[in-house]
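Heads up, my_file-v3.tsv below (TSV, C-alpha atoms):
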```tsv
chain	number	residue	atom	x	y	z
A	536	MET	CA	106.00	76.91	86.18
A	537	ASN	CA	108.93	77.55	83.82
A	538	PHE	CA	110.07	73.96	84.41
A	539	PHE	CA	106.75	72.53	83.17
A	540	ILE	CA	106.52	74.98	80.26
A	541	GLY	CA	110.05	74.08	79.13
A	542	ASN	CA	109.40	70.34	79.20
A	543	PHE	CA	106.01	70.75	77.52
A	544	ASN	CA	107.72	72.60	74.65
A	545	LYS	CA	110.37	69.89	74.28
A	546	LEU	CA	107.75	67.16	74.14
A	547	THR	CA	105.32	68.93	71.82
A	548	GLY	CA	107.51	71.42	69.98
A	549	SER	CA	104.85	74.05	70.70
A	550	ASN	CA	105.22	77.73	71.38
A	551	HIS	CA	105.22	78.22	75.16
A	552	SER	CA	103.40	81.56	74.85
A	553	LEU	CA	100.20	79.64	74.06
A	554	LEU	CA	100.70	77.46	77.13
A	555	LYS	CA	101.20	80.57	79.27
A	556	LEU	CA	97.76	81.74	78.23
A	557	MET	CA	96.34	78.43	79.48
A	558	ILE	CA	97.92	78.83	82.95
A	559	PRO	CA	95.69	80.82	85.34
A	560	LEU	CA	96.96	84.21	86.48
A	561	GLY	CA	98.63	84.03	89.89
A	562	ILE	CA	98.38	80.24	90.02
A	563	SER	CA	101.12	79.80	92.65
A	564	TYR	CA	99.56	82.24	95.12
A	565	ILE	CA	96.04	80.92	94.49
A	566	THR	CA	97.29	77.37	95.06
A	567	PHE	CA	98.98	78.27	98.35
A	568	GLN	CA	95.83	79.98	99.60
A	569	GLN	CA	93.63	77.02	98.64
A	570	ILE	CA	95.99	74.64	100.42
A	571	SER	CA	95.76	76.76	103.58
A	572	TYR	CA	91.96	76.94	103.26
A	573	ILE	CA	91.53	73.17	102.84
A	574	VAL	CA	93.95	72.33	105.65
A	575	ASP	CA	92.30	74.85	107.98
A	576	ILE	CA	88.91	73.25	107.28
A	577	TYR	CA	90.40	69.83	108.04
A	578	ARG	CA	91.74	71.14	111.33
A	579	ASP	CA	88.68	73.22	112.21
A	580	LYS	CA	85.28	72.56	110.63
A	581	GLU	CA	84.14	76.09	111.49
A	582	ALA	CA	86.65	77.48	109.00
A	583	PHE	CA	84.33	76.42	106.14
A	584	GLU	CA	82.62	79.26	104.27
A	585	ASN	CA	79.00	78.59	103.28
A	586	SER	CA	78.73	81.55	100.90
A	587	PHE	CA	80.23	80.84	97.49
A	588	VAL	CA	80.44	84.59	96.79
A	589	ASN	CA	82.50	85.19	99.94
A	590	TYR	CA	84.73	82.22	99.14
A	591	ALA	CA	85.25	83.36	95.53
A	592	LEU	CA	86.08	86.89	96.69
A	593	TYR	CA	88.74	85.46	99.02
A	594	ALA	CA	90.17	83.13	96.37
A	595	ILE	CA	90.47	85.65	93.51
A	596	PHE	CA	90.53	89.04	95.24
A	597	PHE	CA	92.38	90.91	92.51
A	598	PRO	CA	94.97	93.02	94.47
A	599	LYS	CA	96.68	89.92	95.90
A	600	ILE	CA	96.10	87.41	93.14
A	601	ILE	CA	99.40	87.90	91.27
A	602	ALA	CA	102.06	88.31	93.98
A	603	GLY	CA	100.33	88.08	97.33
A	604	PRO	CA	100.44	88.62	100.19
A	605	ILE	CA	99.42	84.99	100.82
A	606	THR	CA	96.34	85.31	103.01
A	607	LYS	CA	94.59	82.85	105.31
A	608	TYR	CA	90.82	83.08	105.05
A	609	SER	CA	90.49	83.47	108.81
A	610	LEU	CA	92.46	86.75	108.65
A	611	ILE	CA	90.03	88.52	106.30
A	612	LYS	CA	86.85	86.51	106.89
A	613	GLU	CA	85.07	89.22	108.87
A	614	ASP	CA	86.11	91.99	106.46
A	615	ILE	CA	84.73	90.02	103.51
A	616	LYS	CA	81.44	89.34	105.27
A	617	LYS	CA	80.93	92.98	106.26
A	618	ARG	CA	82.21	94.71	103.11
A	619	GLU	CA	81.22	98.13	104.43
A	620	TYR	CA	82.73	101.35	103.10
A	621	ASN	CA	85.07	103.02	105.59
A	622	ASP	CA	86.19	106.57	104.87
A	623	GLU	CA	89.32	106.35	107.05
A	624	LEU	CA	90.39	103.05	105.52
A	625	PHE	CA	89.88	104.47	102.04
A	626	LYS	CA	92.17	107.43	102.80
A	627	GLU	CA	94.72	105.09	104.36
A	628	GLY	CA	94.49	102.90	101.27
A	629	ILE	CA	95.30	105.81	98.96
A	630	TYR	CA	98.32	106.66	101.10
A	631	ARG	CA	99.55	103.05	101.13
A	632	PHE	CA	99.00	102.62	97.38
A	633	SER	CA	100.88	105.86	96.66
A	634	LEU	CA	103.77	104.74	98.84
A	635	GLY	CA	103.98	101.39	97.05
A	636	LEU	CA	103.78	102.88	93.57
A	637	SER	CA	106.57	105.35	94.38
A	638	LYS	CA	108.74	102.52	95.73
A	639	LYS	CA	108.37	100.69	92.44
A	640	VAL	CA	108.47	103.55	89.93
A	641	LEU	CA	110.82	106.03	91.56
A	642	ILE	CA	113.22	103.74	93.44
A	643	SER	CA	113.17	100.13	92.21
A	644	ASN	CA	113.00	100.99	88.50
A	645	THR	CA	115.89	103.47	88.84
A	646	LEU	CA	118.02	100.84	90.58
A	647	ALA	CA	117.01	98.25	87.97
A	648	LEU	CA	118.53	100.32	85.16
A	649	VAL	CA	121.96	99.77	86.71
A	650	SER	CA	121.59	96.26	88.14
A	651	ASN	CA	120.22	94.91	84.84
A	652	LYS	CA	123.20	96.34	82.95
A	653	ILE	CA	125.71	94.92	85.43
A	654	PHE	CA	124.19	91.42	85.46
A	655	ALA	CA	124.15	91.41	81.66
A	656	ILE	CA	127.95	91.79	81.51
A	657	ASP	CA	130.44	88.93	81.59
A	658	PRO	CA	131.65	88.72	85.25
A	659	GLN	CA	135.27	88.63	84.08
A	660	LEU	CA	134.90	92.25	82.93
A	661	LEU	CA	133.39	93.54	86.16
A	662	GLY	CA	135.96	93.38	88.94
A	663	PHE	CA	135.27	93.55	92.68
A	664	ASN	CA	133.87	97.08	92.89
A	665	ILE	CA	131.29	96.84	90.09
A	666	SER	CA	130.27	93.32	91.16
A	667	PHE	CA	129.74	94.56	94.71
A	668	LEU	CA	127.76	97.55	93.45
A	669	GLY	CA	125.56	95.30	91.30
A	670	MET	CA	124.92	92.96	94.21
A	671	ILE	CA	123.88	95.75	96.59
A	672	THR	CA	121.85	97.51	93.90
A	673	TYR	CA	119.84	94.36	93.15
A	674	THR	CA	119.40	93.71	96.88
A	675	LEU	CA	117.77	97.11	97.23
A	676	GLN	CA	115.88	96.80	93.95
A	677	ILE	CA	114.12	93.55	94.81
A	678	TYR	CA	113.06	94.85	98.23
A	679	PHE	CA	111.55	98.09	96.93
A	680	ASP	CA	110.00	96.22	93.99
A	681	PHE	CA	108.30	93.51	96.06
A	682	SER	CA	107.44	95.63	99.10
A	683	GLY	CA	106.13	98.26	96.68
A	684	TYR	CA	103.77	95.72	95.12
A	685	THR	CA	102.65	94.59	98.57
A	686	ASP	CA	101.96	98.17	99.65
A	687	MET	CA	99.88	98.69	96.52
A	688	ALA	CA	97.91	95.48	97.12
A	689	ILE	CA	97.30	96.35	100.77
A	690	GLY	CA	96.33	99.90	99.78
A	691	ILE	CA	93.79	98.80	97.17
A	692	ALA	CA	92.34	96.27	99.63
A	693	LYS	CA	91.90	98.97	102.25
A	694	MET	CA	89.93	101.03	99.73
A	695	PHE	CA	87.51	98.06	99.69
A	696	SER	CA	87.61	97.90	103.52
A	697	ILE	CA	89.59	94.66	103.53
A	698	ASN	CA	92.76	94.44	105.63
A	699	LEU	CA	95.40	92.21	104.05
A	700	PRO	CA	98.28	91.03	106.27
A	701	GLU	CA	101.63	92.83	106.28
A	702	ASN	CA	104.39	91.15	104.29
A	703	PHE	CA	107.51	93.11	105.26
A	704	ASP	CA	108.93	94.51	108.49
A	705	LYS	CA	112.23	96.26	107.76
A	706	PRO	CA	113.91	92.99	106.62
A	707	TYR	CA	117.33	94.55	106.03
A	708	LYS	CA	117.48	95.57	109.68
A	709	ALA	CA	117.44	91.89	110.61
A	710	LYS	CA	120.05	90.51	112.97
A	711	GLY	CA	120.64	87.10	111.48
A	712	PHE	CA	118.81	84.91	108.96
A	713	ILE	CA	116.15	83.67	111.38
A	714	ASP	CA	115.25	87.28	112.08
A	715	PHE	CA	115.37	88.05	108.35
A	716	TRP	CA	112.71	85.45	107.59
A	717	ARG	CA	110.49	86.89	110.31
A	718	ARG	CA	110.61	90.17	108.38
A	719	TRP	CA	110.84	89.20	104.67
A	720	HIS	CA	107.83	87.84	102.74
A	721	ILE	CA	106.18	87.21	106.10
A	722	THR	CA	103.10	85.52	104.64
A	723	LEU	CA	105.20	82.97	102.71
A	724	SER	CA	107.30	82.28	105.82
A	725	SER	CA	104.12	81.81	107.88
A	726	PHE	CA	102.63	79.47	105.27
A	727	LEU	CA	105.74	77.28	105.08
A	728	ARG	CA	105.99	77.24	108.89
A	729	ASP	CA	102.34	76.35	109.54
A	730	TYR	CA	101.79	73.84	106.74
A	731	ILE	CA	105.21	72.23	106.25
A	732	TYR	CA	107.66	72.92	109.08
A	733	ILE	CA	105.37	72.36	112.10
A	734	PRO	CA	103.74	69.19	110.62
A	735	LEU	CA	107.27	67.82	110.16
A	736	GLY	CA	107.87	68.33	113.88
A	737	GLY	CA	109.11	71.91	113.96
A	738	ASN	CA	111.72	72.67	116.63
A	739	ARG	CA	110.54	70.04	119.11
A	740	VAL	CA	112.70	67.28	117.65
A	741	SER	CA	116.26	66.00	117.82
A	742	LYS	CA	119.07	68.11	116.36
A	743	LYS	CA	119.34	65.82	113.34
A	744	ARG	CA	115.63	66.09	112.69
A	745	LEU	CA	115.79	69.86	113.21
A	746	VAL	CA	118.46	70.13	110.51
A	747	PHE	CA	116.38	67.94	108.20
A	748	ASN	CA	113.16	69.89	108.78
A	749	THR	CA	114.86	73.23	108.16
A	750	PHE	CA	116.63	71.96	105.06
A	751	ILE	CA	113.36	70.68	103.56
A	752	LEU	CA	111.65	73.98	104.41
A	753	PHE	CA	114.18	76.10	102.51
A	754	LEU	CA	114.56	73.60	99.68
A	755	ILE	CA	110.82	73.95	99.05
A	756	SER	CA	111.11	77.73	99.39
A	757	GLY	CA	113.79	77.79	96.69
A	758	PHE	CA	111.92	75.37	94.42
A	759	TRP	CA	108.71	77.43	94.75
A	760	HIS	CA	110.46	80.41	93.15
A	761	GLY	CA	111.51	78.35	90.13
A	762	ALA	CA	112.99	75.04	89.00
A	763	ASN	CA	116.27	76.68	87.95
A	764	PHE	CA	119.22	75.50	90.07
A	765	THR	CA	119.94	79.13	91.01
A	766	PHE	CA	116.70	79.34	93.03
A	767	ILE	CA	117.30	75.98	94.67
A	768	VAL	CA	120.85	77.00	95.66
A	769	TRP	CA	119.43	80.29	96.97
A	770	GLY	CA	117.01	78.36	99.17
A	771	ILE	CA	119.73	75.99	100.43
A	772	TYR	CA	122.02	78.99	101.07
A	773	HIS	CA	119.44	80.58	103.38
A	774	GLY	CA	118.69	77.21	104.95
A	775	PHE	CA	122.37	76.73	105.80
A	776	PHE	CA	122.58	79.98	107.77
A	777	VAL	CA	119.26	79.36	109.52
A	778	ILE	CA	120.46	75.89	110.54
A	779	ILE	CA	123.77	77.08	112.00
A	780	GLU	CA	121.93	79.84	113.87
A	781	LYS	CA	119.51	77.28	115.32
A	782	LEU	CA	122.46	75.13	116.36
A	783	GLY	CA	123.99	77.97	118.39
A	784	ALA	CA	125.46	80.61	116.06
A	785	LYS	CA	122.53	82.92	116.83
A	786	LYS	CA	124.33	83.92	120.02
A	787	ILE	CA	126.91	85.79	117.93
A	788	HIS	CA	124.33	88.42	116.98
A	789	LYS	CA	123.61	89.08	120.66
A	790	VAL	CA	127.30	89.78	121.31
A	791	LEU	CA	127.85	92.07	118.31
A	792	PRO	CA	126.71	95.72	118.33
A	793	GLY	CA	123.24	96.00	116.74
A	794	PHE	CA	124.24	97.91	113.60
A	795	VAL	CA	127.25	95.64	112.98
A	796	SER	CA	125.00	92.59	113.16
A	797	GLU	CA	122.57	94.23	110.73
A	798	VAL	CA	125.29	95.08	108.21
A	799	ILE	CA	126.78	91.56	108.34
A	800	THR	CA	123.34	90.02	107.80
A	801	PHE	CA	122.60	92.49	105.00
A	802	ILE	CA	125.84	91.58	103.15
A	803	LEU	CA	125.26	87.84	103.55
A	804	VAL	CA	121.66	88.18	102.34
A	805	ALA	CA	122.92	90.25	99.41
A	806	VAL	CA	125.34	87.44	98.45
A	807	GLY	CA	122.37	85.09	98.35
A	808	TRP	CA	120.52	87.43	95.99
A	809	VAL	CA	123.30	86.90	93.42
A	810	PHE	CA	122.07	83.31	92.96
A	811	PHE	CA	118.50	84.58	92.78
A	812	ARG	CA	119.33	87.16	90.08
A	813	ALA	CA	121.81	85.20	87.96
A	814	ASP	CA	120.55	83.41	84.85
A	815	SER	CA	122.66	80.35	85.60
A	816	LEU	CA	124.61	78.79	88.44
A	817	ARG	CA	127.79	79.12	86.41
A	818	TYR	CA	127.28	82.88	86.04
A	819	ALA	CA	126.55	83.24	89.76
A	820	LEU	CA	129.74	81.44	90.75
A	821	LYS	CA	131.85	83.56	88.39
A	822	TYR	CA	130.18	86.67	89.77
A	823	LEU	CA	130.84	85.64	93.39
A	824	ARG	CA	134.49	84.93	92.53
A	825	ASN	CA	134.89	88.67	91.88
A	826	LEU	CA	133.69	89.39	95.42
A	827	LEU	CA	136.54	87.26	96.75
A	828	THR	CA	139.16	89.26	94.86
A	829	PRO	CA	138.92	92.82	96.26
A	830	ALA	CA	142.19	93.78	94.59
A	831	LYS	CA	140.59	93.55	91.15
A	832	ILE	CA	139.18	97.05	90.60
A	833	VAL	CA	137.61	98.21	87.33
A	834	PRO	CA	136.99	101.99	86.91
A	835	LEU	CA	133.28	102.80	86.58
A	836	SER	CA	134.05	104.88	83.49
A	837	THR	CA	135.23	101.71	81.70
A	838	LEU	CA	131.71	100.33	81.44
A	839	ASP	CA	128.50	102.14	80.60
A	840	ILE	CA	126.31	100.92	83.46
A	841	GLY	CA	124.22	104.05	83.98
A	842	THR	CA	125.68	105.28	87.26
A	843	TYR	CA	124.61	108.88	86.83
A	844	SER	CA	123.74	111.42	89.53
A	845	LYS	CA	120.08	110.34	89.69
A	846	PHE	CA	121.12	106.75	90.36
A	847	TRP	CA	123.50	107.69	93.18
A	848	PHE	CA	120.84	109.86	94.80
A	849	VAL	CA	118.30	107.00	94.74
A	850	PHE	CA	120.94	104.43	95.79
A	851	ILE	CA	121.97	106.41	98.90
A	852	LEU	CA	118.33	107.29	99.70
A	853	SER	CA	117.31	103.63	99.50
A	854	LEU	CA	120.15	102.58	101.82
A	855	ILE	CA	119.05	105.19	104.35
A	856	MET	CA	115.44	104.01	104.07
A	857	VAL	CA	116.18	100.32	104.67
A	858	PHE	CA	118.39	100.97	107.72
A	859	THR	CA	116.27	103.71	109.30
A	860	PRO	CA	114.08	102.48	112.19
A	861	LYS	CA	110.32	102.62	111.79
A	862	LEU	CA	108.85	106.02	112.51
A	863	LYS	CA	106.18	106.04	115.19
A	864	GLU	CA	102.79	107.32	114.10
A	865	ASN	CA	101.91	110.79	115.37
A	866	LYS	CA	99.61	113.62	114.35
A	867	ILE	CA	102.34	115.79	112.82
A	868	LEU	CA	103.72	112.91	110.73
A	869	SER	CA	100.20	111.99	109.62
A	870	MET	CA	99.45	115.59	108.58
A	871	ILE	CA	102.62	115.71	106.47
A	872	SER	CA	102.58	112.19	104.99
A	873	LYS	CA	99.01	112.12	103.66
A	874	PRO	CA	99.29	115.24	101.42
A	875	PHE	CA	102.81	114.21	100.40
A	876	SER	CA	101.47	110.85	99.25
A	877	ILE	CA	99.19	112.59	96.74
A	878	ILE	CA	102.18	114.49	95.34
A	879	ILE	CA	104.28	111.34	94.88
A	880	LEU	CA	101.25	109.52	93.43
A	881	ILE	CA	100.84	112.18	90.73
A	882	TYR	CA	104.59	112.27	90.07
A	883	SER	CA	104.81	108.45	89.88
A	884	ILE	CA	101.96	108.34	87.36
A	885	ALA	CA	103.73	111.00	85.31
A	886	VAL	CA	106.94	108.93	85.34
A	887	ILE	CA	105.01	105.82	84.25
A	888	THR	CA	103.53	107.60	81.24
A	889	THR	CA	106.94	108.76	80.04
A	890	GLY	CA	109.10	105.76	81.01
A	891	SER	CA	109.55	102.21	79.75
A	892	PHE	CA	107.62	99.21	81.03
A	893	MET	CA	109.26	97.31	83.91
A	894	PRO	CA	107.19	94.45	85.36
A	895	PHE	CA	107.32	93.52	89.04
A	896	ILE	CA	110.02	90.93	89.77
A	897	TYR	CA	107.70	88.63	91.73
A	898	LEU	CA	105.18	88.37	88.89
A	899	ASN	CA	107.43	85.54	87.63
A	900	PHE	CA	106.83	83.33	90.67
```
Rewrite the coordinates I just gave you, this time as structure tokens.
Amino acid sequence: MNFFIGNFNKLTGSNHSLLKLMIPLGISYITFQQISYIVDIYRDKEAFENSFVNYALYAIFFPKIIAGPITKYSLIKEDIKKREYNDELFKEGIYRFSLGLSKKVLISNTLALVSNKIFAIDPQLLGFNISFLGMITYTLQIYFDFSGYTDMAIGIAKMFSINLPENFDKPYKAKGFIDFWRRWHITLSSFLRDYIYIPLGGNRVSKKRLVFNTFILFLISGFWHGANFTFIVWGIYHGFFVIIEKLGAKKIHKVLPGFVSEVITFILVAVGWVFFRADSLRYALKYLRNLLTPAKIVPLSTLDIGTYSKFWFVFILSLIMVFTPKLKENKILSMISKPFSIIILIYSIAVITTGSFMPFIYLNF
């Protein structure tokens, strides 16, 4: 989108803010969903929806319109047709929405205050320790930001008795990049797999073709996030690790202890996020150079990056949360979590009213 806006401005000399108003809200996610709908109809004539109202509700259902999750019509078809109020789903929706809002407001926004300051500084002034801190902080920030939005979307949908698909499954507990993409932005991964990767031949091809198919898949994934070279390099970076795992390196994760494999994957994924966060490829490369020189240490007190006690509390808490296994549902947990969700909902709203505006990261894509 930014690519087309930039070139439109160069050609016309116009203000891009006017063009932004002309571009429909959530155009990328709407487009992906319409592609899946049309292709599914081509593959299966029964996938066609006769009711325009039901189709329109699917296409522009407001919780998912801006940043997903990307939803196949077949997954929510029955919910849309019924549209019956469900008391249990409504309560579950409030809990899920509260959880998502707290992820964004209480965790992601706190982490953003530090990561934004670090990535605004010339990399030559950072050193290894601050660069590493900025990388990890942004890695946590983007997860709690995006998963928070998804939780809110799923929660609102449940209040309307519509079950949207899950989009995250503890991605930072992944053992390898293939496993990571089974857990991160699951609906995007599923879309790219079903409508690009499998039509290209998927895994049932020669090794050369397998490399080509995977490369194209992640090149498109990077380009979808933006035309900036940083996003394209980010996509190729992930594609490289997925390819070498498919060619045999995946066995390494089976040999390593589980937690060691998770930490290695987490660090490598975090390195990739540097390209995603940086404003330019040149900045990203300078930033990564610091990570290769561990001897270069800059005292935190030298730079005002906002590492106060509140930040460290949230930073450590977020690390614990991403590496903690999923808790199994039980009656005691349910009795505690539901009332607690109301408390954090009220507190999150209070923080919003007194804090500064911080948009969701994925609203840009």
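Residue nearest Tyr730 (chain A) within the list A:Ala709, A:Met670, A:Ile755, A:Ile689: A:Ile755 [criterion: smallest interatomic distance, all atoms listed in the file].
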Using only C-alpha atoms, the residue out of A:Gly669, A:Pro874, A:Gly628, A:Gly783 with shortest distance to Leu648 (chain A) is A:Gly669
query = Given the choices A:Leu646, A:Gly662, A:Ile691, A:Gly683, which gets closest to Leu624 (chain A) if the distance is worked out from all atoms listed in the file?
reply =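 The answer is A:Ile691, which sits nearest to Leu624 (chain A).
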Got a sec: who's within 8 Å of Asn644 (chain A), counting all atoms listed in the file, leaving out chain neighbours fewer than 4 positions off, as a short mmCIF file (atom, residue, chain, number, x, y, z; two decimals) with C-alpha atoms, in the coordinates of the input?
```
data_model
loop_
_atom_site.label_atom_id
_atom_site.label_comp_id
_atom_site.auth_asym_id
_atom_site.auth_seq_id
_atom_site.Cartn_x
_atom_site.Cartn_y
_atom_site.Cartn_z
CA LYS A 639 108.37 100.69 92.44
CA VAL A 640 108.47 103.55 89.93
CA LEU A 648 118.53 100.32 85.16
CA GLN A 676 115.88 96.80 93.95
CA ASP A 680 110.00 96.22 93.99
CA MET A 893 109.26 97.31 83.91
#
```
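The neighbours of Thr749 (chain A) here are the residues that come within 8 Å of it, using all atoms listed in the file and leaving out any residue fewer than 5 positions away in the same chain; they are Tyr732, Gly774, Val777 and Ile778 of chain A.
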Need the shell around Ile751 (chain A): protein/DNA/RNA residues with any atom at most 12 Å away, counting all atoms listed in the file. Skip same-chain ones fewer than 5 positions apart. Format as a ChimeraX atom specification?
/A:727-728,731-733,735-737,744-746,756-758,767,770-771,773-775,778
Export of the given selection (C-alpha atoms) as a PDB file, keeping the file's coordinate frame:
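File produced: part-v2.pdb:
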```pdb
ATOM      1  CA  LEU A 727     105.740  77.280 105.080  1.00  0.00           C
ATOM      2  CA  ARG A 728     105.990  77.240 108.890  1.00  0.00           C
ATOM      3  CA  ILE A 731     105.210  72.230 106.250  1.00  0.00           C
ATOM      4  CA  TYR A 732     107.660  72.920 109.080  1.00  0.00           C
ATOM      5  CA  ILE A 733     105.370  72.360 112.100  1.00  0.00           C
ATOM      6  CA  LEU A 735     107.270  67.820 110.160  1.00  0.00           C
ATOM      7  CA  GLY A 736     107.870  68.330 113.880  1.00  0.00           C
ATOM      8  CA  GLY A 737     109.110  71.910 113.960  1.00  0.00           C
ATOM      9  CA  ARG A 744     115.630  66.090 112.690  1.00  0.00           C
ATOM     10  CA  LEU A 745     115.790  69.860 113.210  1.00  0.00           C
ATOM     11  CA  VAL A 746     118.460  70.130 110.510  1.00  0.00           C
ATOM     12  CA  SER A 756     111.110  77.730  99.390  1.00  0.00           C
ATOM     13  CA  GLY A 757     113.790  77.790  96.690  1.00  0.00           C
ATOM     14  CA  PHE A 758     111.920  75.370  94.420  1.00  0.00           C
ATOM     15  CA  ILE A 767     117.300  75.980  94.670  1.00  0.00           C
ATOM     16  CA  GLY A 770     117.010  78.360  99.170  1.00  0.00           C
ATOM     17  CA  ILE A 771     119.730  75.990 100.430  1.00  0.00           C
ATOM     18  CA  HIS A 773     119.440  80.580 103.380  1.00  0.00           C
ATOM     19  CA  GLY A 774     118.690  77.210 104.950  1.00  0.00           C
ATOM     20  CA  PHE A 775     122.370  76.730 105.800  1.00  0.00           C
ATOM     21  CA  ILE A 778     120.460  75.890 110.540  1.00  0.00           C
TER      22      ILE A 778
END
```
Taking only residues of region 664-703 of chain A that have an atom at most 8 Å from an atom of region 600-609 of chain A, what is each one's shortest atom pair and its distance in Å to one decimal, using all atoms listed in the file, in chain and number order, as CSV?
```
residue,atom,partner,partner_atom,distance
A:Tyr684,CA,A:Ala602,CA,7.7
A:Thr685,CA,A:Pro604,CA,6.6
A:Ala688,CA,A:Gly603,CA,7.8
A:Leu699,CA,A:Thr606,CA,7.0
A:Pro700,CA,A:Thr606,CA,6.9
A:Glu701,CA,A:Pro604,CA,7.5
A:Asn702,CA,A:Pro604,CA,6.2
```
Do a neighbour search on region 570-584 of chain A at 12 Å with only C-alpha atoms, toss out local chain neighbours closer than 3 positions, and write the hits as an mmCIF file with C-alpha atoms, in the frame of the given file.
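And here is the file that came out, result17.cif:
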```cif
data_model
loop_
_atom_site.group_PDB
_atom_site.id
_atom_site.type_symbol
_atom_site.label_atom_id
_atom_site.label_comp_id
_atom_site.auth_asym_id
_atom_site.auth_seq_id
_atom_site.Cartn_x
_atom_site.Cartn_y
_atom_site.Cartn_z
ATOM 1 C CA SER A 563 101.120 79.800 92.650
ATOM 2 C CA TYR A 564 99.560 82.240 95.120
ATOM 3 C CA ILE A 565 96.040 80.920 94.490
ATOM 4 C CA THR A 566 97.290 77.370 95.060
ATOM 5 C CA PHE A 567 98.980 78.270 98.350
ATOM 6 C CA PHE A 587 80.230 80.840 97.490
ATOM 7 C CA VAL A 588 80.440 84.590 96.790
ATOM 8 C CA ASN A 589 82.500 85.190 99.940
ATOM 9 C CA TYR A 590 84.730 82.220 99.140
ATOM 10 C CA ALA A 591 85.250 83.360 95.530
ATOM 11 C CA LEU A 592 86.080 86.890 96.690
ATOM 12 C CA TYR A 593 88.740 85.460 99.020
ATOM 13 C CA ALA A 594 90.170 83.130 96.370
ATOM 14 C CA ILE A 605 99.420 84.990 100.820
ATOM 15 C CA THR A 606 96.340 85.310 103.010
ATOM 16 C CA LYS A 607 94.590 82.850 105.310
ATOM 17 C CA TYR A 608 90.820 83.080 105.050
ATOM 18 C CA SER A 609 90.490 83.470 108.810
ATOM 19 C CA LEU A 610 92.460 86.750 108.650
ATOM 20 C CA ILE A 611 90.030 88.520 106.300
ATOM 21 C CA LYS A 612 86.850 86.510 106.890
ATOM 22 C CA GLU A 613 85.070 89.220 108.870
ATOM 23 C CA ILE A 615 84.730 90.020 103.510
ATOM 24 C CA LYS A 616 81.440 89.340 105.270
ATOM 25 C CA THR A 722 103.100 85.520 104.640
ATOM 26 C CA LEU A 723 105.200 82.970 102.710
ATOM 27 C CA SER A 725 104.120 81.810 107.880
ATOM 28 C CA PHE A 726 102.630 79.470 105.270
ATOM 29 C CA LEU A 727 105.740 77.280 105.080
ATOM 30 C CA ARG A 728 105.990 77.240 108.890
ATOM 31 C CA ASP A 729 102.340 76.350 109.540
ATOM 32 C CA TYR A 730 101.790 73.840 106.740
ATOM 33 C CA ILE A 731 105.210 72.230 106.250
ATOM 34 C CA PRO A 734 103.740 69.190 110.620
#
```
Separating CA of His720 (chain A) from CA of Ile677 (chain A), to the nearest tenth of an Å, is a gap of 11.6 Å
Check your understanding: Nearest to Phe850 (chain A): which of A:Val740, A:Leu675, A:Ile562, A:Ile881 is it, counting only C-alpha atoms?
Key ->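 Of the candidates, the smallest distance to Phe850 (chain A) is held by A:Leu675.
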Answer as a PyMOL selection string, residues within 12 Å of (114.3, 90.5, 96.0) using all atoms listed in the file:
chain A and resi 643+647+670-684+703+706-707+719-720+760+766+769+804-812+895-900
Between CA of Phe663 (chain A) and CA of Leu854 (chain A), what distance in Å does the model show, to one decimal?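 CA of Leu854 (chain A) lies 19.8 Å from CA of Phe663 (chain A).
Distances here use only C-alpha atoms; by that measure, the residue among A:Ile721, A:Ile713, A:Phe747, A:Asn763 closest to Ala813 (chain A) is A:Asn763.
Counting all atoms listed in the file and comparing A:Thr889, A:Ile787, A:Lys863, A:Thr842, the residue that lies closest to Ile665 (chain A) is A:Thr842.
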Here's a test: counting all atoms listed in the file, identify every protein, DNA and RNA residue with an atom at most 12 Å from (135.2, 87.2, 91.0) in the file's coordinate frame, and state them as a PDB file with C-alpha atoms, in the frame of the given file.
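Listing of part16.pdb after writing:
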```pdb
ATOM      1  CA  ASP A 657     130.440  88.930  81.590  1.00  0.00           C
ATOM      2  CA  PRO A 658     131.650  88.720  85.250  1.00  0.00           C
ATOM      3  CA  GLN A 659     135.270  88.630  84.080  1.00  0.00           C
ATOM      4  CA  LEU A 660     134.900  92.250  82.930  1.00  0.00           C
ATOM      5  CA  LEU A 661     133.390  93.540  86.160  1.00  0.00           C
ATOM      6  CA  GLY A 662     135.960  93.380  88.940  1.00  0.00           C
ATOM      7  CA  PHE A 663     135.270  93.550  92.680  1.00  0.00           C
ATOM      8  CA  ASN A 664     133.870  97.080  92.890  1.00  0.00           C
ATOM      9  CA  ILE A 665     131.290  96.840  90.090  1.00  0.00           C
ATOM     10  CA  SER A 666     130.270  93.320  91.160  1.00  0.00           C
ATOM     11  CA  PHE A 667     129.740  94.560  94.710  1.00  0.00           C
ATOM     12  CA  ARG A 817     127.790  79.120  86.410  1.00  0.00           C
ATOM     13  CA  TYR A 818     127.280  82.880  86.040  1.00  0.00           C
ATOM     14  CA  ALA A 819     126.550  83.240  89.760  1.00  0.00           C
ATOM     15  CA  LEU A 820     129.740  81.440  90.750  1.00  0.00           C
ATOM     16  CA  LYS A 821     131.850  83.560  88.390  1.00  0.00           C
ATOM     17  CA  TYR A 822     130.180  86.670  89.770  1.00  0.00           C
ATOM     18  CA  LEU A 823     130.840  85.640  93.390  1.00  0.00           C
ATOM     19  CA  ARG A 824     134.490  84.930  92.530  1.00  0.00           C
ATOM     20  CA  ASN A 825     134.890  88.670  91.880  1.00  0.00           C
ATOM     21  CA  LEU A 826     133.690  89.390  95.420  1.00  0.00           C
ATOM     22  CA  LEU A 827     136.540  87.260  96.750  1.00  0.00           C
ATOM     23  CA  THR A 828     139.160  89.260  94.860  1.00  0.00           C
ATOM     24  CA  PRO A 829     138.920  92.820  96.260  1.00  0.00           C
ATOM     25  CA  ALA A 830     142.190  93.780  94.590  1.00  0.00           C
ATOM     26  CA  LYS A 831     140.590  93.550  91.150  1.00  0.00           C
ATOM     27  CA  ILE A 832     139.180  97.050  90.600  1.00  0.00           C
ATOM     28  CA  VAL A 833     137.610  98.210  87.330  1.00  0.00           C
TER      29      VAL A 833
END
```
